[in-house]
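Visitor: Quick one: the structure is below, questions incoming.
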Amino acid sequence: MFANKMKSLKEIIASYDPSAPLNQAATIPASWYIDERVYELELQNVFAQSWQLAGRSDQVGNPGQYITSEIAGEPIVVVRGADNLLRGFFNVCRHHAAAVMTESEGTANHLRCPYHGWTYSLAGELKGTPDFTGVCDFDRAANGLFPIEAAIWENWVFVRTEAGGQDLPPTDSSSLENFLGVDLITQVRPLDLKSLYWMERRHYSFDCNWKVFVDNYLDGGYHVPHLHKGLDSVLDYSKYMIENGEHFCLQWSPLVSDGAEAQTGAVRTGDRALYYWIYPNFMINWYQGAMDTNLVIPRGVDKTEVIFDFYFPDVSAAARERNEASIEVGQRIQDEDVAICKSVQRGLNSRAYDAGRLSVRREAGEHLFHRLLHADLLNDV
Ligand code: FES
Ligand SMILES: [Fe+2]
């Protein structure tokens with residue numbers, strides 16, 4: 001650790017070799033999980049510059065509907081305009097910086113700041129400035145909300161804060177599609193995710209760096225037989241597959257019903273489980289008749305919040321009991337992961353550990369994650 005503190009950020013980033021093939025590769029070094037400078041660099045180079053989940057598309061289906069969120073520490077708002085176009089903005093008033101929209105979602109005719117009443121149109125133009133006559137050299141047209149990129153894919157709204165600028169087209173979905181890639185888009189389309197409805201959101205807190213959670217997710221089922229006995233009883237572990245795309249990894253497994261643990265087997269039916277990770281921090285977990293998504297949010301170098309959203313084909317009262325049983329199975333898996341993530345974080349702080357090796361059979365997803373991250377962190381160090 002002492003040696004790491006002496007190293008420059010550049011040296012720390014350079015200490016990972018992205019060119020090693022999987023059978024020779026090591027993980028990213030421990031310092032990447034514990035050094036504040038790496039954490040700050042990630043917020044800037046990874047979270048501000050990548051497409052990030054802002055909410056669900058059904059929340060902004062109609063003109064005037066909006067959602068707010070926070071991306072890499074920045075408040076943002078996404079709103080569907082009177083012209084039906086989706087637009088994203090920094091949710092920061094051009095007067096004295098207050099958040100213009102304060103609810104997490106809603107419907108509005110215009111965006112009015114609660115502090116001094118400045119009002120913006122749904123397209124972000126500054127319209128109303130009470131008691132502002134006599135102010136010289138004030139160009140109202142140049143004081144609209146700052147735009148960011150916003151686009152929809154399947155059930156979700158994504159935004160990107162860094163590529164912002166006054167000349168952005170209102171909805172740049174081509175850029176999001178480019179990032180996701182044709183391969184992912186065509187794989188997900190037949191799942192007909194639009195037939196699933198959101199039911200509930202849960203927040204989990206992990207005492208670890210955000211990458212510990214992602215690594216744990218991407219270990220190709222390696223930890224499942226050891227930590228998740230219930231889940232293990234329905235997965236055909238030997239047939240678990242790992243397929244890397246450009247910016248995503250699909251892990252999938254056939255499901256078995258013979259010998260399934262009762263609580264898990266009752267709600268994990270169908271012929272396969274699909275686990276999609278999309279760089280850097282979004283996961284889609286799909287089973288026949290149930291889906292949940294995970295959004296991994298760094299809250300500090302060793303604090304991570306993971307937001308789970310649960311979706312089902314039927315969210316009526318009649319289906320409630322079964323849906324809740326499904327959520328409980330998901331909850332149990334998270335509880336089982338909390339302790340191991342904390343244990344890993346503590347070990348990463350030890351002088352006895354620097355980096356580890358990767359299983360060729362299981363850990364190709366982690367290898368992809370580490371290489372993509374390295375490429376992003378290299379920029380402007
Ligand atoms: S900060 Fe928004 S009106 Fe003053
Ligand atoms: Fe796990």
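If you're wondering about the labels, chains in the structure tokens are A, B, ... by order shown, residues count from 1 in each chain, ligands from 1 in order shown.
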Residues near region 120-136 of chain A, anyone? I mean within 6 Å using only C-alpha atoms, not counting same-chain ones fewer than 6 positions away, as a PyMOL selection string.
Guide: chain A and resi 81+110-111+144-145
Visitor: Filtering to all heavy atoms, could you give me those residues as an mmCIF file, in the first residue's frame?
Guide:
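Final output, saved to out-v9.cif:
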data_model
loop_
_atom_site.group_PDB
_atom_site.id
_atom_site.type_symbol
_atom_site.label_atom_id
_atom_site.label_comp_id
_atom_site.auth_asym_id
_atom_site.auth_seq_id
_atom_site.Cartn_x
_atom_site.Cartn_y
_atom_site.Cartn_z
ATOM 1 N N GLY A 81 -40.862 16.475 -24.677
ATOM 2 C CA GLY A 81 -41.356 17.794 -25.037
ATOM 3 C C GLY A 81 -42.766 17.767 -25.601
ATOM 4 O O GLY A 81 -43.315 16.694 -25.906
ATOM 5 N N HIS A 110 -44.197 23.164 -17.925
ATOM 6 C CA HIS A 110 -42.915 23.842 -18.094
ATOM 7 C C HIS A 110 -42.056 23.468 -16.893
ATOM 8 O O HIS A 110 -42.551 22.872 -15.929
ATOM 9 C CB HIS A 110 -43.094 25.351 -18.206
ATOM 10 C CG HIS A 110 -44.049 25.888 -17.207
ATOM 11 N ND1 HIS A 110 -45.272 26.409 -17.544
ATOM 12 C CD2 HIS A 110 -43.986 25.928 -15.864
ATOM 13 C CE1 HIS A 110 -45.908 26.756 -16.441
ATOM 14 N NE2 HIS A 110 -45.153 26.478 -15.424
ATOM 15 N N LEU A 111 -40.784 23.818 -16.957
ATOM 16 C CA LEU A 111 -39.866 23.451 -15.889
ATOM 17 C C LEU A 111 -39.590 24.712 -15.069
ATOM 18 O O LEU A 111 -38.947 25.642 -15.548
ATOM 19 C CB LEU A 111 -38.570 22.886 -16.496
ATOM 20 C CG LEU A 111 -38.770 21.796 -17.566
ATOM 21 C CD1 LEU A 111 -37.432 21.368 -18.161
ATOM 22 C CD2 LEU A 111 -39.498 20.577 -17.000
ATOM 23 N N GLY A 144 -30.581 28.920 -21.614
ATOM 24 C CA GLY A 144 -31.425 27.744 -21.455
ATOM 25 C C GLY A 144 -30.707 26.692 -20.634
ATOM 26 O O GLY A 144 -29.515 26.832 -20.324
ATOM 27 N N LEU A 145 -31.423 25.634 -20.279
ATOM 28 C CA LEU A 145 -30.781 24.534 -19.554
ATOM 29 C C LEU A 145 -29.745 23.882 -20.460
ATOM 30 O O LEU A 145 -29.962 23.738 -21.673
ATOM 31 C CB LEU A 145 -31.834 23.498 -19.145
ATOM 32 C CG LEU A 145 -32.857 23.970 -18.111
ATOM 33 C CD1 LEU A 145 -33.904 22.875 -17.873
ATOM 34 C CD2 LEU A 145 -32.174 24.341 -16.796
#
Visitor: Using only C-alpha atoms, which protein or nucleic acid residues come within 12 Å of Gly356 (chain A)? Drop anything in the same chain fewer than 4 positions from it, and give the result as a PyMOL selection string.
Guide: chain A and resi 16+24-30+344+347-348+352+363+366-367
Visitor: Those selected residues, please, written with C-alpha atoms and delivered as an mmCIF file, in the first residue's frame.
Guide:
data_model
loop_
_atom_site.group_PDB
_atom_site.id
_atom_site.type_symbol
_atom_site.label_atom_id
_atom_site.label_comp_id
_atom_site.auth_asym_id
_atom_site.auth_seq_id
_atom_site.Cartn_x
_atom_site.Cartn_y
_atom_site.Cartn_z
ATOM 1 C CA TYR A 16 -2.241 -3.240 -15.887
ATOM 2 C CA GLN A 24 -1.954 -15.113 -19.264
ATOM 3 C CA ALA A 25 -3.949 -12.163 -17.957
ATOM 4 C CA ALA A 26 -4.071 -10.832 -14.431
ATOM 5 C CA THR A 27 -6.881 -8.807 -12.898
ATOM 6 C CA ILE A 28 -6.549 -5.052 -12.588
ATOM 7 C CA PRO A 29 -4.314 -4.291 -9.613
ATOM 8 C CA ALA A 30 -5.662 -3.851 -6.080
ATOM 9 C CA VAL A 344 -12.822 -8.928 -1.021
ATOM 10 C CA GLY A 347 -8.340 -8.214 1.115
ATOM 11 C CA LEU A 348 -7.628 -5.723 -1.652
ATOM 12 C CA ALA A 352 -0.407 -9.478 0.761
ATOM 13 C CA GLU A 363 -13.765 -15.272 -16.123
ATOM 14 C CA GLU A 366 -14.048 -9.833 -16.073
ATOM 15 C CA HIS A 367 -11.183 -9.747 -18.563
#
Visitor: Which residues of chain A have any atom within 12 Å of an atom in ligand 2 when counting only C-alpha atoms and all ligand atoms, and what is the closest pair of atoms for each, with the distance in Å to one decimal? Order the rows by chain and rising number and write it as JSON lines.
Guide:
{"residue": "A:Val212", "atom": "CA", "partner": "ligand 2", "partner_atom_place_in_ligand_line": "1 (Fe)", "distance": 11.1}
{"residue": "A:Phe213", "atom": "CA", "partner": "ligand 2", "partner_atom_place_in_ligand_line": "1 (Fe)", "distance": 8.7}
{"residue": "A:Val214", "atom": "CA", "partner": "ligand 2", "partner_atom_place_in_ligand_line": "1 (Fe)", "distance": 10.0}
{"residue": "A:Asp215", "atom": "CA", "partner": "ligand 2", "partner_atom_place_in_ligand_line": "1 (Fe)", "distance": 9.9}
{"residue": "A:Asn216", "atom": "CA", "partner": "ligand 2", "partner_atom_place_in_ligand_line": "1 (Fe)", "distance": 6.2}
{"residue": "A:Tyr217", "atom": "CA", "partner": "ligand 2", "partner_atom_place_in_ligand_line": "1 (Fe)", "distance": 6.2}
{"residue": "A:Leu218", "atom": "CA", "partner": "ligand 2", "partner_atom_place_in_ligand_line": "1 (Fe)", "distance": 9.3}
{"residue": "A:Asp219", "atom": "CA", "partner": "ligand 2", "partner_atom_place_in_ligand_line": "1 (Fe)", "distance": 8.9}
{"residue": "A:Gly220", "atom": "CA", "partner": "ligand 2", "partner_atom_place_in_ligand_line": "1 (Fe)", "distance": 10.1}
{"residue": "A:Gly221", "atom": "CA", "partner": "ligand 2", "partner_atom_place_in_ligand_line": "1 (Fe)", "distance": 8.0}
{"residue": "A:Tyr222", "atom": "CA", "partner": "ligand 2", "partner_atom_place_in_ligand_line": "1 (Fe)", "distance": 9.1}
{"residue": "A:His223", "atom": "CA", "partner": "ligand 2", "partner_atom_place_in_ligand_line": "1 (Fe)", "distance": 6.6}
{"residue": "A:Val224", "atom": "CA", "partner": "ligand 2", "partner_atom_place_in_ligand_line": "1 (Fe)", "distance": 6.2}
{"residue": "A:Pro225", "atom": "CA", "partner": "ligand 2", "partner_atom_place_in_ligand_line": "1 (Fe)", "distance": 9.8}
{"residue": "A:His226", "atom": "CA", "partner": "ligand 2", "partner_atom_place_in_ligand_line": "1 (Fe)", "distance": 9.5}
{"residue": "A:Leu227", "atom": "CA", "partner": "ligand 2", "partner_atom_place_in_ligand_line": "1 (Fe)", "distance": 6.9}
{"residue": "A:His228", "atom": "CA", "partner": "ligand 2", "partner_atom_place_in_ligand_line": "1 (Fe)", "distance": 6.7}
{"residue": "A:Lys229", "atom": "CA", "partner": "ligand 2", "partner_atom_place_in_ligand_line": "1 (Fe)", "distance": 10.4}
{"residue": "A:Gly230", "atom": "CA", "partner": "ligand 2", "partner_atom_place_in_ligand_line": "1 (Fe)", "distance": 11.2}
{"residue": "A:Leu231", "atom": "CA", "partner": "ligand 2", "partner_atom_place_in_ligand_line": "1 (Fe)", "distance": 9.2}
{"residue": "A:Asp232", "atom": "CA", "partner": "ligand 2", "partner_atom_place_in_ligand_line": "1 (Fe)", "distance": 10.4}
{"residue": "A:Tyr275", "atom": "CA", "partner": "ligand 2", "partner_atom_place_in_ligand_line": "1 (Fe)", "distance": 11.9}
{"residue": "A:Gly330", "atom": "CA", "partner": "ligand 2", "partner_atom_place_in_ligand_line": "1 (Fe)", "distance": 10.1}
{"residue": "A:Gln331", "atom": "CA", "partner": "ligand 2", "partner_atom_place_in_ligand_line": "1 (Fe)", "distance": 10.9}
{"residue": "A:Arg332", "atom": "CA", "partner": "ligand 2", "partner_atom_place_in_ligand_line": "1 (Fe)", "distance": 9.8}
{"residue": "A:Ile333", "atom": "CA", "partner": "ligand 2", "partner_atom_place_in_ligand_line": "1 (Fe)", "distance": 6.1}
{"residue": "A:Gln334", "atom": "CA", "partner": "ligand 2", "partner_atom_place_in_ligand_line": "1 (Fe)", "distance": 6.7}
{"residue": "A:Asp335", "atom": "CA", "partner": "ligand 2", "partner_atom_place_in_ligand_line": "1 (Fe)", "distance": 8.9}
{"residue": "A:Glu336", "atom": "CA", "partner": "ligand 2", "partner_atom_place_in_ligand_line": "1 (Fe)", "distance": 6.8}
{"residue": "A:Asp337", "atom": "CA", "partner": "ligand 2", "partner_atom_place_in_ligand_line": "1 (Fe)", "distance": 5.0}
{"residue": "A:Val338", "atom": "CA", "partner": "ligand 2", "partner_atom_place_in_ligand_line": "1 (Fe)", "distance": 8.7}
{"residue": "A:Ala339", "atom": "CA", "partner": "ligand 2", "partner_atom_place_in_ligand_line": "1 (Fe)", "distance": 10.4}
{"residue": "A:Ile340", "atom": "CA", "partner": "ligand 2", "partner_atom_place_in_ligand_line": "1 (Fe)", "distance": 8.7}
{"residue": "A:Cys341", "atom": "CA", "partner": "ligand 2", "partner_atom_place_in_ligand_line": "1 (Fe)", "distance": 9.2}
Visitor: Pick from A:Arg357, A:His95, A:Arg272, A:His374: nearest to ligand 1, with only C-alpha atoms and all ligand atoms counted?
Guide: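 Of all the options, A:His95 lies closest to ligand 1.
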Visitor: Could the residues that lie within 9 Å of ligand 1, counting only C-alpha atoms and all ligand atoms, be listed as a PyMOL selection string?
Guide: chain A and resi 92-100+112-119+129-130
Visitor: Just C-alpha atoms for this one: save the residues we selected as a PDB file, in the first residue's frame.
Guide:
ATOM      1  CA  VAL A  92     -29.172  22.983 -12.776  1.00  0.00           C
ATOM      2  CA  CYS A  93     -30.809  26.399 -12.937  1.00  0.00           C
ATOM      3  CA  ARG A  94     -28.833  28.973 -14.927  1.00  0.00           C
ATOM      4  CA  HIS A  95     -29.641  31.614 -12.282  1.00  0.00           C
ATOM      5  CA  HIS A  96     -28.056  30.358  -9.043  1.00  0.00           C
ATOM      6  CA  ALA A  97     -27.689  26.639  -9.704  1.00  0.00           C
ATOM      7  CA  ALA A  98     -30.631  25.163  -7.786  1.00  0.00           C
ATOM      8  CA  ALA A  99     -32.196  21.941  -9.043  1.00  0.00           C
ATOM      9  CA  VAL A 100     -35.039  23.010 -11.316  1.00  0.00           C
ATOM     10  CA  ARG A 112     -40.012  25.956 -13.049  1.00  0.00           C
ATOM     11  CA  CYS A 113     -37.166  26.453 -10.604  1.00  0.00           C
ATOM     12  CA  PRO A 114     -38.444  26.493  -7.002  1.00  0.00           C
ATOM     13  CA  TYR A 115     -35.800  29.002  -5.816  1.00  0.00           C
ATOM     14  CA  HIS A 116     -36.634  32.277  -7.627  1.00  0.00           C
ATOM     15  CA  GLY A 117     -39.169  31.065 -10.128  1.00  0.00           C
ATOM     16  CA  TRP A 118     -37.201  31.033 -13.365  1.00  0.00           C
ATOM     17  CA  THR A 119     -39.117  29.043 -15.912  1.00  0.00           C
ATOM     18  CA  THR A 129     -37.230  35.515 -15.306  1.00  0.00           C
ATOM     19  CA  PRO A 130     -39.234  37.353 -12.597  1.00  0.00           C
TER      20      PRO A 130
END
Visitor: If DSSP is run on the backbone, what residues of region 197-263 of chain A are strand (DSSP E)? A reply as a PyMOL selection string would be ideal.
Guide: chain A and resi 197-206+241-244+248-254
Visitor: What does the file look like for those residues with N, CA and C atoms, as a PDB file, in the first residue's frame?
Guide:
ATOM      1  N   TYR A 197     -43.574  -5.478 -17.109  1.00  0.00           N
ATOM      2  CA  TYR A 197     -43.925  -4.220 -16.444  1.00  0.00           C
ATOM      3  C   TYR A 197     -43.167  -4.086 -15.131  1.00  0.00           C
ATOM      4  N   TRP A 198     -42.752  -2.873 -14.860  1.00  0.00           N
ATOM      5  CA  TRP A 198     -42.002  -2.610 -13.629  1.00  0.00           C
ATOM      6  C   TRP A 198     -42.917  -2.754 -12.424  1.00  0.00           C
ATOM      7  N   MET A 199     -42.385  -3.393 -11.387  1.00  0.00           N
ATOM      8  CA  MET A 199     -43.193  -3.551 -10.182  1.00  0.00           C
ATOM      9  C   MET A 199     -42.575  -2.880  -8.960  1.00  0.00           C
ATOM     10  N   GLU A 200     -41.276  -3.007  -8.792  1.00  0.00           N
ATOM     11  CA  GLU A 200     -40.694  -2.556  -7.527  1.00  0.00           C
ATOM     12  C   GLU A 200     -39.215  -2.239  -7.675  1.00  0.00           C
ATOM     13  N   ARG A 201     -38.751  -1.298  -6.854  1.00  0.00           N
ATOM     14  CA  ARG A 201     -37.321  -0.950  -6.823  1.00  0.00           C
ATOM     15  C   ARG A 201     -36.781  -1.220  -5.427  1.00  0.00           C
ATOM     16  N   ARG A 202     -35.582  -1.806  -5.360  1.00  0.00           N
ATOM     17  CA  ARG A 202     -34.924  -1.995  -4.061  1.00  0.00           C
ATOM     18  C   ARG A 202     -33.491  -1.487  -4.130  1.00  0.00           C
ATOM     19  N   HIS A 203     -33.035  -0.935  -3.017  1.00  0.00           N
ATOM     20  CA  HIS A 203     -31.666  -0.397  -2.947  1.00  0.00           C
ATOM     21  C   HIS A 203     -30.831  -1.289  -2.030  1.00  0.00           C
ATOM     22  N   TYR A 204     -29.641  -1.615  -2.478  1.00  0.00           N
ATOM     23  CA  TYR A 204     -28.730  -2.406  -1.663  1.00  0.00           C
ATOM     24  C   TYR A 204     -27.437  -1.629  -1.483  1.00  0.00           C
ATOM     25  N   SER A 205     -26.853  -1.783  -0.314  1.00  0.00           N
ATOM     26  CA  SER A 205     -25.611  -1.080  -0.039  1.00  0.00           C
ATOM     27  C   SER A 205     -24.484  -2.087   0.170  1.00  0.00           C
ATOM     28  N   PHE A 206     -23.379  -1.884  -0.513  1.00  0.00           N
ATOM     29  CA  PHE A 206     -22.234  -2.799  -0.418  1.00  0.00           C
ATOM     30  C   PHE A 206     -21.010  -2.034   0.082  1.00  0.00           C
ATOM     31  N   MET A 241     -22.456 -20.546 -19.978  1.00  0.00           N
ATOM     32  CA  MET A 241     -21.676 -20.003 -21.095  1.00  0.00           C
ATOM     33  C   MET A 241     -21.366 -18.522 -20.876  1.00  0.00           C
ATOM     34  N   ILE A 242     -20.252 -18.105 -21.421  1.00  0.00           N
ATOM     35  CA  ILE A 242     -19.840 -16.696 -21.319  1.00  0.00           C
ATOM     36  C   ILE A 242     -19.521 -16.210 -22.731  1.00  0.00           C
ATOM     37  N   GLU A 243     -20.228 -15.187 -23.187  1.00  0.00           N
ATOM     38  CA  GLU A 243     -20.001 -14.662 -24.539  1.00  0.00           C
ATOM     39  C   GLU A 243     -19.758 -13.163 -24.467  1.00  0.00           C
ATOM     40  N   ASN A 244     -18.590 -12.749 -24.877  1.00  0.00           N
ATOM     41  CA  ASN A 244     -18.268 -11.323 -24.848  1.00  0.00           C
ATOM     42  C   ASN A 244     -18.656 -10.640 -26.145  1.00  0.00           C
ATOM     43  N   PHE A 248     -20.366  -5.466 -24.075  1.00  0.00           N
ATOM     44  CA  PHE A 248     -21.268  -6.203 -23.184  1.00  0.00           C
ATOM     45  C   PHE A 248     -20.788  -7.640 -23.045  1.00  0.00           C
ATOM     46  N   CYS A 249     -21.306  -8.295 -22.014  1.00  0.00           N
ATOM     47  CA  CYS A 249     -21.019  -9.721 -21.837  1.00  0.00           C
ATOM     48  C   CYS A 249     -22.339 -10.406 -21.535  1.00  0.00           C
ATOM     49  N   LEU A 250     -22.588 -11.497 -22.236  1.00  0.00           N
ATOM     50  CA  LEU A 250     -23.745 -12.338 -21.934  1.00  0.00           C
ATOM     51  C   LEU A 250     -23.260 -13.591 -21.227  1.00  0.00           C
ATOM     52  N   GLN A 251     -23.818 -13.839 -20.063  1.00  0.00           N
ATOM     53  CA  GLN A 251     -23.610 -15.121 -19.393  1.00  0.00           C
ATOM     54  C   GLN A 251     -24.967 -15.812 -19.415  1.00  0.00           C
ATOM     55  N   TRP A 252     -24.980 -17.057 -19.813  1.00  0.00           N
ATOM     56  CA  TRP A 252     -26.274 -17.733 -19.808  1.00  0.00           C
ATOM     57  C   TRP A 252     -26.126 -19.191 -19.425  1.00  0.00           C
ATOM     58  N   SER A 253     -27.218 -19.717 -18.926  1.00  0.00           N
ATOM     59  CA  SER A 253     -27.185 -21.090 -18.444  1.00  0.00           C
ATOM     60  C   SER A 253     -28.525 -21.750 -18.705  1.00  0.00           C
ATOM     61  N   PRO A 254     -28.488 -23.019 -19.123  1.00  0.00           N
ATOM     62  CA  PRO A 254     -29.755 -23.763 -19.147  1.00  0.00           C
ATOM     63  C   PRO A 254     -30.257 -23.917 -17.715  1.00  0.00           C
TER      64      PRO A 254
END
Visitor: CA of Ala142 (chain A) to CA of Thr161 (chain A): how many Å, to one decimal?
Guide: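 It comes out at 19.0 Å.
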Visitor: Could you please write out, as JSON, numbers by chain, every residue of region 98-226 of chain A that DSSP assigns to helix (DSSP H, G or I)?
Guide: {"A": [140, 141, 142, 173, 174, 175, 176, 177, 178, 179, 180, 182, 183, 184, 185, 186, 187, 188, 189, 190, 191, 193, 194, 195, 210, 211, 212, 213, 214, 215, 216, 217, 224, 225, 226]}
Visitor: Take the residues from that selection and put them in a file with C-alpha atoms, as a compact mmCIF listing (two decimals), in the first residue's frame.
Guide:
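Below is the file part.txt, written as the result:
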# COMPACT_ATOMS: atom_id res chain seq x y z
CA ARG A 140 -32.04 34.97 -22.53
CA ALA A 141 -31.56 32.67 -25.52
CA ALA A 142 -28.09 31.71 -24.26
CA SER A 173 -30.51 7.43 -30.35
CA SER A 174 -28.04 6.51 -33.10
CA SER A 175 -25.17 7.18 -30.74
CA LEU A 176 -26.64 4.92 -28.04
CA GLU A 177 -27.31 2.22 -30.61
CA ASN A 178 -23.73 2.45 -31.83
CA PHE A 179 -22.50 1.94 -28.33
CA LEU A 180 -24.80 -1.01 -27.59
CA VAL A 182 -26.17 -4.45 -33.47
CA ASP A 183 -25.30 -7.75 -31.85
CA LEU A 184 -26.78 -6.85 -28.46
CA ILE A 185 -29.78 -5.07 -29.93
CA THR A 186 -30.70 -8.07 -32.10
CA GLN A 187 -30.19 -10.53 -29.25
CA VAL A 188 -32.45 -8.63 -26.88
CA ARG A 189 -35.25 -7.73 -29.33
CA PRO A 190 -36.89 -11.22 -29.43
CA LEU A 191 -37.14 -11.27 -25.63
CA LEU A 193 -39.10 -6.87 -22.93
CA LYS A 194 -41.88 -4.39 -23.61
CA SER A 195 -44.32 -7.06 -22.41
CA TRP A 210 -18.13 -0.68 -7.42
CA LYS A 211 -15.80 -2.91 -9.47
CA VAL A 212 -15.87 -5.61 -6.79
CA PHE A 213 -19.60 -5.95 -7.37
CA VAL A 214 -19.14 -5.99 -11.17
CA ASP A 215 -16.31 -8.55 -10.97
CA ASN A 216 -18.49 -10.73 -8.76
CA TYR A 217 -21.28 -10.51 -11.33
CA VAL A 224 -22.49 -19.75 -7.61
CA PRO A 225 -22.01 -23.35 -6.31
CA HIS A 226 -20.14 -22.01 -3.28
